[in-house]
Amino acid sequence: MVELAEMLVTTIPWSSWAYFAKNGSDATGIAVRMARAATGKRIILRAPSSYHGSRALWQEGSRKRLFRQGIVEEDTSHIRPFVFNDLDSVRKAVARDGMDIAAIIVAAFKWDYAQPQELPTKEFLEGIRRICDEQGAAFACIADVWVQDHIALARGWGGT
């Protein structure tokens, strides 16, 4: 893991460290907490329907539907939308919420349910990086890496 973290930090020019989590919910939840702690700000920008885990802050729907799931308004009140791969929509969200943006979170690829998959463009990611720098916000580009047969390879559950 240390070698992988060092490779990631060397490869990604603006990164200074890497964090590994056991699942996407933990990774995004910790990313939000770190961004808010580091910036002292509250708002998180994200593309609707982008899956960032099962935590309450990522859930979408009417207040009534969310409340039936045990999710109160405070859980999602500081999440704001933008359109994936649409830098103008990010700029509009930033203009709307001013200097209270803690982070912009982007999935490493769009895989919304029943929609075509889409990679973020280089211009989109570079634009978000510039906006984050201008706003003093964190930029979290989250990539889920799935390892096939990881239990069998590790022989961790009594496998042979």
# chains A, B, ... in the order shown; residues from 1 in each chain; ligands from 1
$ select_by_dssp --residues "chain A" --states "strand (DSSP E)" --output "list in words"
Ile43, Ile44, Leu45, Arg46, Ile79, Arg80, Pro81, Ile101, Ala102, Ala103, Ile104, Ile105, Val106, Ala107, Ala138, Phe139, Ala140, Cys141 and Ile142 of chain A
$ residues_around --residues "Ser16 in chain A" --least-positions-apart "5" --cutoff "10 Å" --atoms "only C-alpha atoms" --output "PyMOL selection string"
chain A and resi 5-6+8-10
$ closest_atom_pairs --of "range 1-72 of chain A" --to "range 90-99 of chain A" --cutoff "8 Å" --atoms "only C-alpha atoms" --output "tab-separated table"
residue	atom	partner	partner_atom	distance
A:Lys41	CA	A:Met99	CA	8.0
A:Ile43	CA	A:Asp97	CA	7.7
A:Leu45	CA	A:Ala93	CA	7.5
$ write_last_selection --atoms "C-alpha atoms" --output "CSV table (one decimal), in the first residue's frame"
chain,number,residue,atom,x,y,z
A,41,LYS,CA,-16.6,25.7,5.1
A,43,ILE,CA,-21.0,23.3,1.1
A,45,LEU,CA,-20.8,20.4,-4.8
$ residues_around --residues "range 126-142 of chain A" --least-positions-apart "4" --cutoff "7 Å" --atoms "only C-alpha atoms" --output "list of chain:residue names"
A:Ala35, A:Thr39, A:Leu87, A:Met99, A:Ile101, A:Ala102, A:Ala103, A:Ile104, A:Ile105, A:Val106, A:Ala107, A:Ala108, A:Lys122
$ atom_distance --atom1 "CA of Val32 in chain A" --atom2 "CA of Leu4 in chain A"
22.6 Å
$ atom_distance --atom1 "CA of Ala47 in chain A" --atom2 "CA of Leu125 in chain A"
13.2 Å
$ residues_around --residues "range 53-58 of chain A" --least-positions-apart "5" --cutoff "10 Å" --atoms "only C-alpha atoms" --output "list of chain:residue names"
A:Asn23, A:Gly24, A:Ser25, A:Asp26, A:Ala27, A:Thr28, A:Gly29, A:Val32, A:Ile44, A:Arg46, A:Pro48, A:Leu66, A:Gln69, A:Gly70, A:Ile71, A:Val72, A:Glu73, A:Glu74, A:Asp75, A:Thr76, A:Ser77, A:His78, A:Ile79
$ write_last_selection --atoms "N, CA and C atoms" --output "compact mmCIF listing (two decimals), in the first residue's frame"
# COMPACT_ATOMS: atom_id res chain seq x y z
N ASN A 23 -14.33 1.01 1.67
CA ASN A 23 -15.45 1.12 0.72
C ASN A 23 -15.65 2.57 0.33
N GLY A 24 -16.48 2.77 -0.70
CA GLY A 24 -16.71 4.12 -1.21
C GLY A 24 -17.41 5.04 -0.22
N SER A 25 -18.32 4.50 0.58
CA SER A 25 -19.01 5.33 1.58
C SER A 25 -18.02 5.91 2.58
N ASP A 26 -17.11 5.07 3.04
CA ASP A 26 -16.09 5.57 3.97
C ASP A 26 -15.18 6.59 3.30
N ALA A 27 -14.76 6.30 2.08
CA ALA A 27 -13.85 7.21 1.38
C ALA A 27 -14.47 8.58 1.17
N THR A 28 -15.71 8.62 0.69
CA THR A 28 -16.33 9.92 0.43
C THR A 28 -16.71 10.62 1.73
N GLY A 29 -17.16 9.87 2.71
CA GLY A 29 -17.50 10.47 4.00
C GLY A 29 -16.30 11.11 4.65
N VAL A 32 -15.25 14.31 2.75
CA VAL A 32 -16.09 15.47 3.11
C VAL A 32 -15.66 16.02 4.47
N ILE A 44 -20.82 21.26 -0.15
CA ILE A 44 -20.19 20.26 -1.01
C ILE A 44 -20.94 20.28 -2.34
N ARG A 46 -21.69 18.47 -5.95
CA ARG A 46 -21.62 17.14 -6.56
C ARG A 46 -22.66 17.04 -7.67
N PRO A 48 -25.73 15.34 -9.30
CA PRO A 48 -26.82 14.46 -8.89
C PRO A 48 -26.75 13.12 -9.61
N LEU A 66 -37.14 10.96 1.85
CA LEU A 66 -35.91 10.82 2.63
C LEU A 66 -36.20 10.59 4.11
N GLN A 69 -36.84 7.22 5.18
CA GLN A 69 -35.61 6.42 5.27
C GLN A 69 -34.77 6.82 6.50
N GLY A 70 -35.28 7.74 7.30
CA GLY A 70 -34.54 8.17 8.48
C GLY A 70 -33.54 9.28 8.20
N ILE A 71 -33.66 9.92 7.05
CA ILE A 71 -32.73 10.99 6.67
C ILE A 71 -33.42 12.33 6.88
N VAL A 72 -32.83 13.15 7.74
CA VAL A 72 -33.42 14.46 8.04
C VAL A 72 -32.80 15.53 7.15
N GLU A 73 -33.47 16.65 7.04
CA GLU A 73 -33.04 17.73 6.15
C GLU A 73 -31.60 18.16 6.42
N GLU A 74 -31.19 18.17 7.67
CA GLU A 74 -29.84 18.59 8.03
C GLU A 74 -28.77 17.70 7.39
N ASP A 75 -29.10 16.44 7.13
CA ASP A 75 -28.13 15.52 6.53
C ASP A 75 -27.72 15.94 5.12
N THR A 76 -28.63 16.55 4.39
CA THR A 76 -28.37 16.88 2.98
C THR A 76 -28.40 18.38 2.69
N SER A 77 -28.56 19.20 3.70
CA SER A 77 -28.80 20.63 3.48
C SER A 77 -27.61 21.39 2.92
N HIS A 78 -26.42 20.84 2.96
CA HIS A 78 -25.25 21.55 2.45
C HIS A 78 -24.65 20.88 1.21
N ILE A 79 -25.46 20.10 0.52
CA ILE A 79 -25.06 19.47 -0.74
C ILE A 79 -25.71 20.23 -1.88
$ atom_distance --atom1 "CA of Glu3 in chain A" --atom2 "CA of Trp17 in chain A"
11.8 Å
$ select_by_dssp --residues "range 16-143 of chain A" --states "helix (DSSP H, G or I)" --output "VMD selection string"
chain A and resid 24 to 39 56 to 58 63 to 68 73 to 76 87 to 97 122 to 135
